[in-house]
>>> print(open('coords-v3.txt').read())   # compact mmCIF, C-alpha atoms
# COMPACT_ATOMS: atom_id res chain seq x y z
CA MET V 1 81.00 107.85 136.42
CA ASP V 2 81.98 104.90 138.63
CA THR V 3 85.38 105.67 140.12
CA ALA V 4 86.50 102.13 139.25
CA GLY V 5 85.97 102.63 135.51
CA ALA V 6 83.67 100.74 133.14
CA LEU V 7 86.31 98.07 132.39
CA HIS V 8 87.56 97.61 135.94
CA GLY V 9 88.56 93.97 136.39
CA ILE V 10 89.37 93.41 132.70
CA ARG V 11 93.00 92.54 131.98
CA VAL V 12 94.39 93.49 128.56
CA ILE V 13 97.74 92.47 127.10
CA GLY V 14 99.16 94.82 124.48
CA VAL V 15 101.84 93.29 122.25
CA GLU V 16 101.99 96.53 120.38
CA HIS V 17 103.98 99.30 118.78
CA PHE V 18 103.46 102.49 116.79
CA ILE V 19 99.90 103.89 116.99
CA SER V 20 96.86 101.74 116.23
CA ALA V 21 97.12 99.03 118.91
CA PRO V 22 98.51 101.37 121.61
CA PHE V 23 95.67 103.81 120.89
CA CYS V 24 93.15 100.97 121.26
CA THR V 25 94.60 99.80 124.58
CA GLN V 26 94.87 103.40 125.77
CA ILE V 27 91.11 103.75 125.34
CA LEU V 28 90.63 100.53 127.30
CA ALA V 29 93.02 101.73 130.02
CA ASP V 30 91.11 105.02 130.23
CA GLN V 31 88.02 102.94 131.03
CA GLY V 32 89.75 101.19 133.91
CA ALA V 33 91.20 98.07 132.28
CA ASP V 34 94.49 96.71 133.61
CA VAL V 35 96.60 97.11 130.46
CA ILE V 36 99.96 95.31 130.43
CA LYS V 37 102.26 96.50 127.67
CA VAL V 38 104.69 93.80 126.49
CA GLU V 39 107.97 95.33 125.37
CA PRO V 40 111.20 93.90 123.87
CA PRO V 41 114.49 93.72 125.77
CA ALA V 42 116.16 96.39 123.62
CA ALA V 43 116.09 99.86 125.17
CA GLU V 44 113.31 101.98 123.72
CA GLN V 45 113.44 105.74 123.41
CA ARG V 46 110.37 107.42 124.86
CA ASN V 47 109.20 110.64 123.25
CA GLY V 48 106.35 113.09 123.70
CA TYR V 49 104.04 111.21 121.35
CA PHE V 50 104.50 108.04 123.42
CA HIS V 51 102.77 109.75 126.34
CA THR V 52 99.55 110.22 124.38
CA LEU V 53 99.18 106.46 123.90
CA ASN V 54 100.46 104.74 127.02
CA ARG V 55 99.31 106.37 130.24
CA ASN V 56 98.00 104.09 132.98
CA LYS V 57 99.65 101.00 131.48
CA ARG V 58 102.03 98.60 133.14
CA SER V 59 105.18 97.52 131.29
CA VAL V 60 106.70 94.05 131.20
CA VAL V 61 109.84 93.28 129.22
CA LEU V 62 109.81 89.83 127.62
CA ASP V 63 112.12 88.42 124.98
CA LEU V 64 109.62 86.65 122.74
CA LYS V 65 112.45 85.12 120.72
CA ALA V 66 113.42 83.13 123.80
CA GLU V 67 111.36 80.24 125.16
CA SER V 68 111.36 81.74 128.66
CA GLY V 69 109.74 84.90 127.33
CA ARG V 70 107.16 82.97 125.33
CA GLU V 71 106.31 80.85 128.37
CA ALA V 72 105.82 83.99 130.45
CA LEU V 73 103.52 85.46 127.79
CA ARG V 74 101.44 82.27 127.68
CA ALA V 75 101.17 82.37 131.47
CA LEU V 76 100.10 86.01 131.26
CA ALA V 77 97.54 85.21 128.55
CA ALA V 78 96.02 82.54 130.79
CA THR V 79 95.06 85.31 133.24
CA ALA V 80 93.93 87.86 130.62
CA ASP V 81 90.62 88.79 129.06
CA VAL V 82 91.98 90.49 125.93
CA LEU V 83 95.14 90.51 123.83
CA VAL V 84 95.69 93.25 121.26
CA THR V 85 98.56 93.16 118.79
CA ASN V 86 99.51 94.98 115.60
CA PHE V 87 102.48 92.86 114.62
CA ALA V 88 102.60 91.62 111.03
CA ALA V 89 100.19 88.84 110.08
CA ASP V 90 102.62 85.92 110.55
CA VAL V 91 104.67 87.20 113.48
CA PRO V 92 102.44 86.15 116.41
CA THR V 93 102.26 82.53 115.25
CA ARG V 94 105.96 82.47 114.48
CA LEU V 95 106.77 83.73 117.98
CA GLY V 96 104.32 81.39 119.65
CA PHE V 97 101.57 83.81 120.64
CA GLY V 98 99.11 83.34 117.78
CA TYR V 99 95.42 82.99 118.54
CA GLU V 100 95.45 79.18 118.43
CA ASP V 101 98.45 79.08 120.76
CA LEU V 102 96.84 81.29 123.38
CA ALA V 103 93.25 80.02 123.01
CA ALA V 104 94.62 76.62 124.00
CA VAL V 105 95.57 78.00 127.41
CA ASN V 106 92.63 80.44 127.68
CA PRO V 107 89.52 79.68 125.61
CA ARG V 108 87.85 82.85 126.96
CA LEU V 109 90.54 85.12 125.49
CA VAL V 110 89.44 87.89 123.10
CA TYR V 111 92.29 88.23 120.59
CA VAL V 112 92.35 91.40 118.45
CA HIS V 113 94.89 91.38 115.62
CA VAL V 114 95.37 94.63 113.73
CA THR V 115 97.26 94.50 110.44
CA GLY V 116 97.32 96.64 107.33
CA PHE V 117 95.21 94.35 105.17
CA GLY V 118 93.87 91.47 107.24
CA GLN V 119 94.54 87.76 107.44
CA ASN V 120 92.97 86.63 104.15
CA SER V 121 93.96 89.56 101.93
CA PRO V 122 96.22 88.99 98.92
CA TYR V 123 98.22 91.88 100.41
CA ARG V 124 98.55 90.32 103.89
CA SER V 125 102.36 90.13 103.72
CA ARG V 126 102.83 93.77 102.75
CA PRO V 127 104.04 96.22 105.39
CA ALA V 128 101.54 99.00 105.97
CA PHE V 129 101.90 102.46 107.42
CA ASP V 130 99.31 105.20 107.80
CA GLY V 131 100.28 106.84 104.50
CA VAL V 132 100.03 103.55 102.60
CA ILE V 133 96.46 103.13 103.83
CA GLN V 134 95.58 106.72 102.93
CA ALA V 135 96.94 106.07 99.44
CA MET V 136 95.17 102.74 98.88
CA SER V 137 91.80 103.74 100.33
CA GLY V 138 91.10 106.62 97.94
CA MET V 139 91.52 109.15 100.74
CA MET V 140 94.70 110.65 99.32
CA HIS V 141 93.20 110.82 95.82
CA LEU V 142 90.23 112.80 97.17
CA THR V 143 92.35 115.22 99.22
CA GLY V 144 93.94 118.37 97.77
CA GLU V 145 93.24 121.03 95.20
CA PRO V 146 91.66 120.06 91.84
CA ASP V 147 94.80 121.02 89.90
CA GLY V 148 97.23 119.69 92.51
CA PRO V 149 98.64 116.26 93.38
CA PRO V 150 97.01 113.80 95.79
CA MET V 151 97.64 114.98 99.33
CA LEU V 152 98.39 113.23 102.60
CA SER V 153 96.23 114.19 105.57
CA GLY V 154 97.83 116.30 108.28
CA LEU V 155 96.71 113.76 110.90
CA PHE V 156 97.31 110.01 111.24
CA ILE V 157 93.66 109.25 110.52
CA PRO V 158 93.87 105.53 109.52
CA ASP V 159 96.02 104.71 112.56
CA HIS V 160 93.69 106.33 115.05
CA LEU V 161 90.50 105.24 113.31
CA THR V 162 91.71 101.64 113.41
CA GLY V 163 92.50 102.01 117.10
CA LEU V 164 88.95 103.22 117.70
CA TYR V 165 87.49 100.30 115.76
CA ALA V 166 89.74 97.92 117.68
CA ALA V 167 88.47 99.27 121.02
CA LEU V 168 84.90 98.99 119.78
CA ALA V 169 85.47 95.44 118.52
CA THR V 170 87.01 94.53 121.87
CA SER V 171 83.92 95.75 123.71
CA PHE V 172 81.61 93.81 121.39
CA ALA V 173 83.70 90.64 121.73
CA LEU V 174 83.65 90.90 125.53
CA GLN V 175 79.87 91.27 125.42
CA ARG V 176 79.63 88.24 123.10
CA ARG V 177 81.78 86.28 125.54
CA GLU V 178 79.26 87.01 128.28
CA ALA V 179 76.62 85.29 126.18
CA THR V 180 78.68 82.37 124.83
CA GLY V 181 81.33 81.80 127.48
CA THR V 182 84.10 81.68 124.88
CA GLY V 183 86.52 84.18 123.45
CA SER V 184 87.02 85.03 119.79
CA PHE V 185 89.52 86.18 117.17
CA VAL V 186 89.04 89.65 115.69
CA ASP V 187 90.79 90.17 112.34
CA LEU V 188 90.99 93.95 111.85
CA ALA V 189 92.48 95.53 108.72
CA MET V 190 93.48 99.20 108.62
CA LEU V 191 92.40 99.46 104.99
CA ASP V 192 88.94 98.10 105.81
CA CYS V 193 88.56 100.55 108.67
CA LEU V 194 89.22 103.57 106.47
CA MET V 195 87.18 102.22 103.56
CA SER V 196 84.17 101.96 105.87
CA PHE V 197 83.95 105.76 105.57
CA LEU V 198 83.64 105.61 101.78
CA ALA V 199 80.02 104.48 101.49
CA GLY V 200 78.94 107.77 99.89
CA SER V 201 81.77 107.60 97.38
CA PHE V 202 80.99 103.99 96.47
CA HIS V 203 77.39 105.05 95.92
CA GLU V 204 78.51 107.79 93.53
CA VAL V 205 80.78 105.50 91.55
CA LEU V 206 78.73 102.30 91.41
CA GLN V 207 75.19 103.68 91.40
CA HIS V 208 75.66 106.79 89.29
CA GLY V 209 78.93 106.36 87.43
CA ILE V 210 80.38 109.54 88.97
CA ARG V 211 84.16 109.71 89.35
CA PRO V 212 84.87 111.70 92.56
CA GLU V 213 87.77 114.10 92.18
CA ARG V 214 89.68 116.45 94.43
CA ILE V 215 87.74 119.58 95.25
CA GLY V 216 90.02 121.39 97.70
CA SER V 217 88.30 122.86 100.75
CA ARG V 218 84.84 122.69 99.22
CA VAL V 219 82.37 119.94 100.11
CA ARG V 220 81.33 117.58 97.35
CA GLY V 221 77.54 117.59 96.97
CA SER V 222 76.94 120.50 99.37
CA PHE V 223 77.62 124.22 99.26
CA ALA V 224 80.30 124.70 101.91
CA SER V 225 83.84 125.99 101.62
CA THR V 226 86.78 127.87 103.09
CA TYR V 227 87.12 131.61 102.41
CA ARG V 228 89.87 134.12 102.93
CA ALA V 229 89.23 136.83 105.51
CA ALA V 230 91.31 139.93 106.18
CA ASP V 231 93.41 138.18 108.84
CA GLY V 232 93.00 134.47 108.19
CA TYR V 233 90.48 131.96 106.88
CA VAL V 234 86.91 130.99 107.73
CA TYR V 235 84.73 128.01 106.92
CA LEU V 236 81.08 128.57 105.96
CA ALA V 237 78.43 125.87 105.54
CA PRO V 238 75.06 127.41 104.58
CA LEU V 239 73.44 124.06 103.90
CA THR V 240 69.77 124.89 104.46
CA ALA V 241 67.43 127.30 102.67
CA ARG V 242 67.22 129.44 105.80
CA MET V 243 71.03 129.64 106.08
CA TRP V 244 71.37 130.45 102.38
CA GLU V 245 68.88 133.29 102.72
CA ALA V 246 70.86 134.58 105.71
CA VAL V 247 74.14 134.49 103.78
CA SER V 248 72.49 136.40 100.94
CA ARG V 249 71.35 139.04 103.39
CA VAL V 250 74.62 139.33 105.35
CA VAL V 251 76.84 139.70 102.28
CA GLY V 252 74.31 141.91 100.45
CA GLN V 253 73.76 139.67 97.44
CA PRO V 254 70.00 139.11 96.95
CA TRP V 255 70.60 137.32 93.65
CA PHE V 256 71.94 134.36 95.67
CA LEU V 257 68.31 133.41 96.32
CA GLU V 258 67.94 132.34 92.70
CA HIS V 259 70.26 129.43 93.43
CA PHE V 260 68.92 126.83 95.82
CA SER V 261 67.11 123.53 95.35
CA THR V 262 63.77 124.84 96.66
CA THR V 263 63.69 127.60 94.03
CA SER V 264 65.21 125.86 91.04
CA GLY V 265 63.11 122.79 90.29
CA GLY V 266 64.78 120.63 92.95
CA VAL V 267 68.26 121.13 91.46
CA ASP V 268 70.86 122.85 93.62
CA THR V 269 72.33 125.12 90.98
CA ARG V 270 74.81 126.47 93.53
CA LEU V 271 76.87 123.37 92.72
CA ASP V 272 76.86 123.95 88.97
CA PRO V 273 80.48 124.15 87.69
CA GLU V 274 79.83 127.60 86.22
CA THR V 275 77.67 128.99 89.02
CA ARG V 276 79.65 127.88 92.05
CA PRO V 277 82.79 129.91 91.26
CA ARG V 278 80.62 133.05 90.92
CA LEU V 279 78.99 132.42 94.28
CA ASP V 280 82.29 131.61 96.00
CA GLY V 281 83.87 134.72 94.49
CA ALA V 282 81.05 136.95 95.72
CA ILE V 283 81.24 135.51 99.22
CA GLU V 284 85.02 135.85 99.39
CA SER V 285 84.82 139.41 98.10
CA TRP V 286 82.84 140.16 101.27
CA THR V 287 84.80 137.96 103.74
CA SER V 288 88.16 139.32 102.59
CA GLY V 289 87.17 142.75 103.85
CA GLN V 290 86.21 141.41 107.30
CA SER V 291 88.21 139.99 110.17
CA VAL V 292 87.82 136.30 110.96
CA ALA V 293 86.15 137.19 114.24
CA ASP V 294 83.64 139.50 112.54
CA VAL V 295 82.76 136.96 109.82
CA VAL V 296 82.12 134.24 112.39
CA ARG V 297 80.18 136.59 114.66
CA LEU V 298 77.94 137.99 111.92
CA MET V 299 77.27 134.61 110.35
CA SER V 300 76.62 132.94 113.70
CA GLU V 301 74.22 135.72 114.72
CA ALA V 302 72.38 135.13 111.44
CA GLY V 303 72.17 131.39 112.15
CA VAL V 304 74.75 130.29 109.56
CA ALA V 305 77.18 127.48 110.38
CA ALA V 306 80.56 129.24 110.44
CA SER V 307 83.93 128.77 112.11
CA PRO V 308 87.44 130.13 112.13
CA ILE V 309 90.24 127.98 110.72
CA LEU V 310 92.29 127.41 113.86
CA ALA V 311 95.93 126.38 114.03
CA VAL V 312 96.89 123.80 116.64
CA GLU V 313 98.59 126.51 118.68
CA ASP V 314 95.28 128.38 118.85
CA LEU V 315 93.45 125.49 120.50
CA PRO V 316 94.72 125.71 124.12
CA ASP V 317 92.98 129.08 124.56
CA ASP V 318 89.77 128.19 122.75
CA PRO V 319 86.78 128.39 125.13
CA HIS V 320 85.38 125.05 123.97
CA VAL V 321 88.69 123.27 124.53
CA VAL V 322 88.96 124.79 127.99
CA ALA V 323 85.35 124.02 128.96
CA ARG V 324 85.51 120.43 127.70
CA ARG V 325 89.01 119.83 129.15
CA MET V 326 90.32 118.50 125.85
CA ILE V 327 93.92 119.32 126.73
CA ARG V 328 95.18 117.50 129.81
CA THR V 329 98.51 116.59 131.38
CA VAL V 330 100.05 113.35 132.61
CA PRO V 331 103.04 113.04 134.96
CA HIS V 332 106.39 112.84 133.26
CA ARG V 333 109.54 111.04 134.27
CA GLY V 334 112.83 111.24 132.45
CA ARG V 335 114.85 113.74 130.49
CA GLY V 336 113.10 116.29 128.32
CA HIS V 337 114.20 118.01 125.13
CA GLY V 338 117.38 119.98 125.66
CA GLY V 339 118.05 118.29 128.99
CA SER V 340 115.12 119.86 130.84
CA THR V 341 112.98 117.78 133.17
CA PRO V 342 109.30 118.75 132.89
CA ASP V 343 106.92 117.54 135.56
CA VAL V 344 104.08 116.90 133.10
CA VAL V 345 103.43 116.21 129.43
CA TYR V 346 100.45 117.70 127.61
CA VAL V 347 98.10 115.18 125.99
CA ALA V 348 94.65 115.23 124.42
CA GLY V 349 91.70 114.81 126.73
CA SER V 350 89.12 112.05 126.36
CA PRO V 351 85.96 112.70 124.31
CA ILE V 352 84.12 110.03 126.33
CA PRO V 353 83.67 110.02 130.12
CA VAL V 354 86.60 108.68 132.15
CA THR V 355 87.48 108.65 135.80
CA GLU V 356 89.37 111.67 137.10
CA SER V 357 92.34 109.45 137.94
CA THR V 358 92.78 108.60 134.24
CA PHE V 359 95.34 111.35 133.75
CA SER V 360 97.15 110.87 137.07
CA VAL V 361 99.56 108.13 135.93
CA GLY V 362 101.95 108.62 133.03
CA PRO V 363 103.41 105.91 130.80
CA PRO V 364 105.69 103.35 132.43
CA VAL V 365 109.42 103.05 132.05
CA ALA V 366 110.23 100.05 129.85
CA GLY V 367 110.12 96.95 132.03
CA GLU V 368 109.08 98.88 135.12
CA HIS V 369 106.55 96.27 136.22
CA THR V 370 108.26 93.09 134.97
CA ALA V 371 109.06 91.61 138.38
CA GLU V 372 105.68 92.67 139.76
CA ILE V 373 103.70 91.11 136.91
CA LEU V 374 105.68 87.88 136.75
CA ALA V 375 105.32 87.50 140.50
CA GLU V 376 101.55 87.83 140.04
CA LEU V 377 101.78 84.87 137.69
CA GLY V 378 103.40 82.79 140.42
CA LEU V 379 106.80 82.58 138.77
CA SER V 380 109.67 81.98 141.16
CA PRO V 381 112.33 84.64 141.85
CA VAL V 382 114.80 82.62 139.77
CA GLU V 383 112.46 82.65 136.77
CA VAL V 384 111.80 86.35 137.23
CA THR V 385 115.51 87.10 137.24
CA ASP V 386 116.08 84.87 134.24
CA ILE V 387 113.43 86.62 132.16
CA SER V 388 113.99 90.21 133.23
CA ASP V 389 117.75 90.43 133.49
CA THR V 390 117.90 92.41 130.25
CA ILE V 391 115.53 95.16 131.39
CA PRO V 392 116.97 98.43 130.05
CA ARG V 393 117.65 101.43 132.20
CA PRO V 394 115.25 104.34 131.49
CA ILE V 395 116.83 106.71 128.99
CA GLY V 396 114.39 109.59 129.16
CA ASP V 397 112.31 111.49 126.65
CA ASP V 398 112.78 113.68 123.66
CA LEU V 399 109.70 115.88 123.80
CA GLY V 400 110.67 117.57 120.57
CA GLU V 401 110.22 114.36 118.59
CA ALA V 402 106.77 114.09 117.00
CA GLY V 403 106.72 110.41 116.08
CA MET V 404 107.53 106.98 117.43
CA ASN V 405 111.18 105.98 117.40
CA GLU V 406 111.78 103.69 114.43
CA ARG V 407 115.02 102.31 115.90
CA SER V 408 112.89 100.20 118.22
CA VAL V 409 110.81 98.66 115.40
CA PRO V 410 110.75 94.87 115.82
CA GLU V 411 111.55 92.51 112.99
CA ALA V 412 108.86 92.01 110.33
CA VAL V 413 106.45 94.57 111.66
CA ASP V 414 103.17 95.61 110.12
CA GLY V 415 103.49 99.28 110.81
CA SER V 416 100.02 100.69 111.43
CA GLY V 417 101.81 103.90 112.28
CA ARG V 418 104.54 106.11 110.90
>>> encode(input="coords-v3.txt", output="structure tokens")
Amino acid sequence: MDTAGALHGIRVIGVEHFISAPFCTQILADQGADVIKVEPPAAEQRNGYFHTLNRNKRSVVLDLKAESGREALRALAATADVLVTNFAADVPTRLGFGYEDLAAVNPRLVYVHVTGFGQNSPYRSRPAFDGVIQAMSGMMHLTGEPDGPPMLSGLFIPDHLTGLYAALATSFALQRREATGTGSFVDLAMLDCLMSFLAGSFHEVLQHGIRPERIGSRVRGSFASTYRAADGYVYLAPLTARMWEAVSRVVGQPWFLEHFSTTSGGVDTRLDPETRPRLDGAIESWTSGQSVADVVRLMSEAGVAASPILAVEDLPDDPHVVARRMIRTVPHRGRGHGGSTPDVVYVAGSPIPVTESTFSVGPPVAGEHTAEILAELGLSPVEVTDISDTIPRPIGDDLGEAGMNERSVPEAVDGSGR
């Protein structure tokens, strides 16, 4: 890949907090964009999670409640290609950096505004966090055991999915700008982003009148599930006739062959409410007497899709993770958990190609680049001092903290994070 990065020369302003917008701008920074993170004057606690979202960014502290800060942001926007924000729907306009405000000084600006529900939703004024979106999208209703309550996902899926969509929308808008010469406003709702994954469920409900329910670790509409082994759990997905025949052979149950769509008039009787428990029970009777490693080995050798259920702590030693470099480090500055001072912080690698230098620069200290950036805008030393005199001193990291620090949440936020 070009050592300059695919987005080299593109300047991005991130008026951002929590997860969705920082994740979007992190993707853009990984591709070589000059990402400038606008932060408030109040000191902000950095933690380990912060490092996964903010490497390779520059930090400028601006008080957007003061006219001097708003003027500096408008000057910055005049030099930028993209602005990404996930403040609540009305906050940018109220603070003077709404799309109309900034398009007046830079008609080529691509403005991406992430909120929970979008600009024209009847819910636009509601605060939204990842869990709220999981609950309102149907995701929580579909997750969990059939006889259990709705269950929250173990990962912040709506936050990160929205960040991915925001990065994709940014790329499309930049391409459109090449054709039209003008920027655009992208109204991105977290709820819409997650609902875009529900096409199959909408088809079931609206086309066939089926009410999807929780089904635990099984797969709705396909024969795949999680099974207990002697020392853990495995996931098996014998989705084809060839795989089903192989499972029958490996577990020693020839009667399985009576149940598959090609042998039962086009109806997959494996999914029948009475048949499926019998099949699952027979498979688990076999897997429970085998180690996880043996189940995966035997099934894989037979051509059946199979995998161990790995814990996060298992991943650093997994051969795939090692080969694909999906755990990386970034430099760390500040105080670690318990007063230690680590040299690096572990972060996830990039699933798309990036330059090798991507992981060489850790997140900035709050306000670290304020004087540098304002000087680039041609502001005088007096103006720089006036705007940046409240830059906080760096206060270090708490690497034991798993989430963003809520004490630094600005007024009237639209969370898009937890």
>>> closest_residue(input="coords-v3.txt", among="V:Leu374, V:Ala323, V:Leu102, V:Leu174", to="Gly69 in chain V", atoms="only C-alpha atoms")
V:Leu374
>>> residues_around(input="coords-v3.txt", residues="range 355-358 of chain V", least_positions_apart="2", cutoff="10 Å", atoms="all atoms listed in the file", output="number ranges by chain")
V: 1-6, 29-32, 55-56, 330, 349-350, 353, 360-362
>>> write_last_selection(input="coords-v3.txt", atoms="C-alpha atoms", output="PDB file, in the frame of the given file")
ATOM      1  CA  MET V   1      81.000 107.850 136.420  1.00  0.00           C
ATOM      2  CA  ASP V   2      81.980 104.900 138.630  1.00  0.00           C
ATOM      3  CA  THR V   3      85.380 105.670 140.120  1.00  0.00           C
ATOM      4  CA  ALA V   4      86.500 102.130 139.250  1.00  0.00           C
ATOM      5  CA  GLY V   5      85.970 102.630 135.510  1.00  0.00           C
ATOM      6  CA  ALA V   6      83.670 100.740 133.140  1.00  0.00           C
ATOM      7  CA  ALA V  29      93.020 101.730 130.020  1.00  0.00           C
ATOM      8  CA  ASP V  30      91.110 105.020 130.230  1.00  0.00           C
ATOM      9  CA  GLN V  31      88.020 102.940 131.030  1.00  0.00           C
ATOM     10  CA  GLY V  32      89.750 101.190 133.910  1.00  0.00           C
ATOM     11  CA  ARG V  55      99.310 106.370 130.240  1.00  0.00           C
ATOM     12  CA  ASN V  56      98.000 104.090 132.980  1.00  0.00           C
ATOM     13  CA  VAL V 330     100.050 113.350 132.610  1.00  0.00           C
ATOM     14  CA  GLY V 349      91.700 114.810 126.730  1.00  0.00           C
ATOM     15  CA  SER V 350      89.120 112.050 126.360  1.00  0.00           C
ATOM     16  CA  PRO V 353      83.670 110.020 130.120  1.00  0.00           C
ATOM     17  CA  SER V 360      97.150 110.870 137.070  1.00  0.00           C
ATOM     18  CA  VAL V 361      99.560 108.130 135.930  1.00  0.00           C
ATOM     19  CA  GLY V 362     101.950 108.620 133.030  1.00  0.00           C
TER      20      GLY V 362
END
>>> residues_around(input="coords-v3.txt", residues="Trp244 in chain V", least_positions_apart="4", cutoff="10 Å", atoms="all atoms listed in the file", output="list in words")
Phe223, Ala237, Pro238, Leu239, Thr240, Ser248, Arg249, Val250, Phe256, Leu257, His259, Phe260, Gly303 and Val304 of chain V
>>> write_last_selection(input="coords-v3.txt", atoms="C-alpha atoms", output="PDB file, in the frame of the given file")
ATOM      1  CA  PHE V 223      77.620 124.220  99.260  1.00  0.00           C
ATOM      2  CA  ALA V 237      78.430 125.870 105.540  1.00  0.00           C
ATOM      3  CA  PRO V 238      75.060 127.410 104.580  1.00  0.00           C
ATOM      4  CA  LEU V 239      73.440 124.060 103.900  1.00  0.00           C
ATOM      5  CA  THR V 240      69.770 124.890 104.460  1.00  0.00           C
ATOM      6  CA  SER V 248      72.490 136.400 100.940  1.00  0.00           C
ATOM      7  CA  ARG V 249      71.350 139.040 103.390  1.00  0.00           C
ATOM      8  CA  VAL V 250      74.620 139.330 105.350  1.00  0.00           C
ATOM      9  CA  PHE V 256      71.940 134.360  95.670  1.00  0.00           C
ATOM     10  CA  LEU V 257      68.310 133.410  96.320  1.00  0.00           C
ATOM     11  CA  HIS V 259      70.260 129.430  93.430  1.00  0.00           C
ATOM     12  CA  PHE V 260      68.920 126.830  95.820  1.00  0.00           C
ATOM     13  CA  GLY V 303      72.170 131.390 112.150  1.00  0.00           C
ATOM     14  CA  VAL V 304      74.750 130.290 109.560  1.00  0.00           C
TER      15      VAL V 304
END
>>> closest_residue(input="coords-v3.txt", among="V:Ala72, V:Met136, V:Val344, V:Met195", to="Leu377 in chain V", atoms="all atoms listed in the file")
V:Ala72
>>> atom_distance(input="coords-v3.txt", atom1="CA of Val186 in chain V", atom2="CA of Ala77 in chain V")
16.0 Å
>>> closest_residue(input="coords-v3.txt", among="V:Thr269, V:Thr275, V:Ser171, V:Ser59", to="Ser184 in chain V", atoms="all atoms listed in the file")
V:Ser171
>>> residues_around(input="coords-v3.txt", residues="Ile13 in chain V", least_positions_apart="2", cutoff="6 Å", atoms="all atoms listed in the file", output="ChimeraX atom specification")
/V:35-36,83
>>> atom_distance(input="coords-v3.txt", atom1="CA of Phe50 in chain V", atom2="CA of Ile19 in chain V")
8.9 Å
